[in-house]
Amino acid sequence: MLFRSLGAAVATAPEPNFRAEFGSNLEANYPRMVAQLCMITLDANEAQNLVQEAYARAWQRWSDVRELQDPTGWVRQVAVRASNGRWRKLMAKIGRRRPAETPSDDPRHAAVLDGLRQIPPYRRRALVLGDVAQVPLEEIAEIEGIAPAVADARLTHARRELNELMAVQSMPAASPSNWEDM
């Protein structure tokens with residue numbers, strides 16, 4: 001579009017279609033992010049709520065979030081941090097019911113979910129972020145508010161714990177290369 005200003009033609013960039021851009025990001029990443037948060041929270045409803053809340057916050061700031069190098073990473077960070085919120089811990093202390101079992105026809109998938117239930121949440125978050133979401137250690141550390149060495153230790157311990165739990169169930173070890181197959 002050209003505007004005439006004091007006799008000179010000035011070219012302006014077209015207005016970005018924020019709604020379409022946001023919708024494309026949401027459509028491309030929502031299912032995968034809900035699956036990741038489900039592995040962290042072990043509760044499909046809570047995972048959906050967390051991701052929806054994170055995308056709602058992203059929409060309110062989309063003109064800024066879209067400019068980030070990784071807008072989806074921003075949404076993931078908001079959702080993961082919210083999963084570790086104080087009010088959720090309080091609910092757990094006052095007797096919140098145990099999350100419903102996630103049914104699966106695949107025994108390997110069920111074994112991994114059972115194993116994840118037995119890993120402390122702080123290690124489970126590191127495992128899911130590092131191995132499922134492929135988030136770099138530095139970013140895991142930033143999300144969790146810890147040093148990269150601590151994030152690395154949590155990830156290492158979680159991998160070992162999950163593989164030991166899988167061995168007890170006579171299942172092949174879980175590894176980053178086969179998460180997508182589950």
# chains A, B, ... in the order shown; residues from 1 in each chain; ligands from 1

call {"tool": "residues_around", "arguments": {"residues": "Arg117 in chain A", "least_positions_apart": "3", "cutoff": "9 Å", "atoms": "only C-alpha atoms", "output": "ChimeraX atom specification"}}
result
/A:39-42,112-114,120-121,124

call {"tool": "residues_around", "arguments": {"residues": "Asn163 in chain A", "least_positions_apart": "3", "cutoff": "12 Å", "atoms": "only C-alpha atoms", "output": "list in words"}}
result
Ala111, Val112, Asp114, Gly115, Leu116, Gln118, Ile119, Leu127, Thr156, His157, Ala158, Arg159, Arg160, Met166, Ala167, Val168, Gln169, Ser170, Met171, Pro172, Ala173, Ala174, Ser175 and Pro176 of chain A

call {"tool": "write_last_selection", "arguments": {"atoms": "N, CA and C atoms", "output": "PDB file, in the first residue's frame"}}
result
ATOM      1  N   ALA A 111       2.708 -48.923  30.102  1.00  0.00           N
ATOM      2  CA  ALA A 111       3.868 -49.114  30.982  1.00  0.00           C
ATOM      3  C   ALA A 111       4.632 -47.810  31.172  1.00  0.00           C
ATOM      4  N   VAL A 112       4.779 -47.039  30.106  1.00  0.00           N
ATOM      5  CA  VAL A 112       5.484 -45.755  30.222  1.00  0.00           C
ATOM      6  C   VAL A 112       4.700 -44.817  31.128  1.00  0.00           C
ATOM      7  N   ASP A 114       2.605 -45.619  33.480  1.00  0.00           N
ATOM      8  CA  ASP A 114       2.729 -46.130  34.841  1.00  0.00           C
ATOM      9  C   ASP A 114       4.089 -45.762  35.419  1.00  0.00           C
ATOM     10  N   GLY A 115       5.133 -45.897  34.613  1.00  0.00           N
ATOM     11  CA  GLY A 115       6.471 -45.513  35.058  1.00  0.00           C
ATOM     12  C   GLY A 115       6.564 -44.030  35.369  1.00  0.00           C
ATOM     13  N   LEU A 116       5.974 -43.202  34.517  1.00  0.00           N
ATOM     14  CA  LEU A 116       5.996 -41.755  34.745  1.00  0.00           C
ATOM     15  C   LEU A 116       5.297 -41.386  36.046  1.00  0.00           C
ATOM     16  N   GLN A 118       5.419 -42.924  38.726  1.00  0.00           N
ATOM     17  CA  GLN A 118       6.283 -43.261  39.854  1.00  0.00           C
ATOM     18  C   GLN A 118       7.517 -42.357  39.968  1.00  0.00           C
ATOM     19  N   ILE A 119       7.714 -41.503  38.989  1.00  0.00           N
ATOM     20  CA  ILE A 119       8.850 -40.589  38.997  1.00  0.00           C
ATOM     21  C   ILE A 119       8.403 -39.260  39.604  1.00  0.00           C
ATOM     22  N   LEU A 127      12.231 -34.904  32.108  1.00  0.00           N
ATOM     23  CA  LEU A 127      12.230 -35.991  31.134  1.00  0.00           C
ATOM     24  C   LEU A 127      11.335 -35.675  29.939  1.00  0.00           C
ATOM     25  N   THR A 156      18.868 -37.029  33.684  1.00  0.00           N
ATOM     26  CA  THR A 156      19.610 -38.293  33.765  1.00  0.00           C
ATOM     27  C   THR A 156      18.953 -39.253  34.753  1.00  0.00           C
ATOM     28  N   HIS A 157      18.612 -38.750  35.936  1.00  0.00           N
ATOM     29  CA  HIS A 157      17.958 -39.595  36.946  1.00  0.00           C
ATOM     30  C   HIS A 157      16.603 -40.089  36.452  1.00  0.00           C
ATOM     31  N   ALA A 158      15.832 -39.227  35.814  1.00  0.00           N
ATOM     32  CA  ALA A 158      14.510 -39.619  35.326  1.00  0.00           C
ATOM     33  C   ALA A 158      14.623 -40.704  34.260  1.00  0.00           C
ATOM     34  N   ARG A 159      15.574 -40.558  33.352  1.00  0.00           N
ATOM     35  CA  ARG A 159      15.779 -41.592  32.326  1.00  0.00           C
ATOM     36  C   ARG A 159      16.110 -42.929  32.979  1.00  0.00           C
ATOM     37  N   ARG A 160      17.024 -42.884  33.938  1.00  0.00           N
ATOM     38  CA  ARG A 160      17.426 -44.117  34.610  1.00  0.00           C
ATOM     39  C   ARG A 160      16.234 -44.745  35.344  1.00  0.00           C
ATOM     40  N   MET A 166      10.700 -49.770  33.486  1.00  0.00           N
ATOM     41  CA  MET A 166      10.320 -50.502  32.277  1.00  0.00           C
ATOM     42  C   MET A 166      10.909 -51.913  32.314  1.00  0.00           C
ATOM     43  N   ALA A 167      12.125 -52.055  32.830  1.00  0.00           N
ATOM     44  CA  ALA A 167      12.768 -53.369  32.907  1.00  0.00           C
ATOM     45  C   ALA A 167      12.001 -54.290  33.855  1.00  0.00           C
ATOM     46  N   VAL A 168      11.508 -53.725  34.966  1.00  0.00           N
ATOM     47  CA  VAL A 168      10.724 -54.507  35.916  1.00  0.00           C
ATOM     48  C   VAL A 168       9.477 -55.070  35.235  1.00  0.00           C
ATOM     49  N   GLN A 169       8.917 -54.309  34.301  1.00  0.00           N
ATOM     50  CA  GLN A 169       7.720 -54.743  33.581  1.00  0.00           C
ATOM     51  C   GLN A 169       8.066 -55.512  32.309  1.00  0.00           C
ATOM     52  N   SER A 170       9.341 -55.837  32.139  1.00  0.00           N
ATOM     53  CA  SER A 170       9.822 -56.572  30.952  1.00  0.00           C
ATOM     54  C   SER A 170       9.503 -55.853  29.657  1.00  0.00           C
ATOM     55  N   MET A 171       9.623 -54.538  29.683  1.00  0.00           N
ATOM     56  CA  MET A 171       9.411 -53.715  28.493  1.00  0.00           C
ATOM     57  C   MET A 171      10.756 -53.176  28.037  1.00  0.00           C
ATOM     58  N   PRO A 172      10.909 -52.935  26.723  1.00  0.00           N
ATOM     59  CA  PRO A 172      12.154 -52.311  26.259  1.00  0.00           C
ATOM     60  C   PRO A 172      12.311 -50.921  26.871  1.00  0.00           C
ATOM     61  N   ALA A 173      13.550 -50.520  27.037  1.00  0.00           N
ATOM     62  CA  ALA A 173      13.841 -49.211  27.614  1.00  0.00           C
ATOM     63  C   ALA A 173      13.229 -48.103  26.775  1.00  0.00           C
ATOM     64  N   ALA A 174      12.762 -47.055  27.454  1.00  0.00           N
ATOM     65  CA  ALA A 174      12.236 -45.880  26.760  1.00  0.00           C
ATOM     66  C   ALA A 174      13.419 -45.023  26.340  1.00  0.00           C
ATOM     67  N   SER A 175      13.362 -44.499  25.134  1.00  0.00           N
ATOM     68  CA  SER A 175      14.434 -43.616  24.675  1.00  0.00           C
ATOM     69  C   SER A 175      13.834 -42.515  23.821  1.00  0.00           C
ATOM     70  N   PRO A 176      14.548 -41.394  23.699  1.00  0.00           N
ATOM     71  CA  PRO A 176      14.022 -40.272  22.921  1.00  0.00           C
ATOM     72  C   PRO A 176      13.677 -40.659  21.488  1.00  0.00           C
TER      73      PRO A 176
END

call {"tool": "closest_residue", "arguments": {"among": "A:Ala110, A:Leu155, A:Ala20, A:Ala44", "to": "Asp131 in chain A", "atoms": "only C-alpha atoms"}}
result
A:Leu155

call {"tool": "closest_residue", "arguments": {"among": "A:Ile143, A:Val65, A:Ala47, A:Ala153", "to": "Gln77 in chain A", "atoms": "only C-alpha atoms"}}
result
A:Ile143

call {"tool": "atom_distance", "arguments": {"atom1": "CA of Gln52 in chain A", "atom2": "CA of Asn29 in chain A"}}
result
11.6 Å
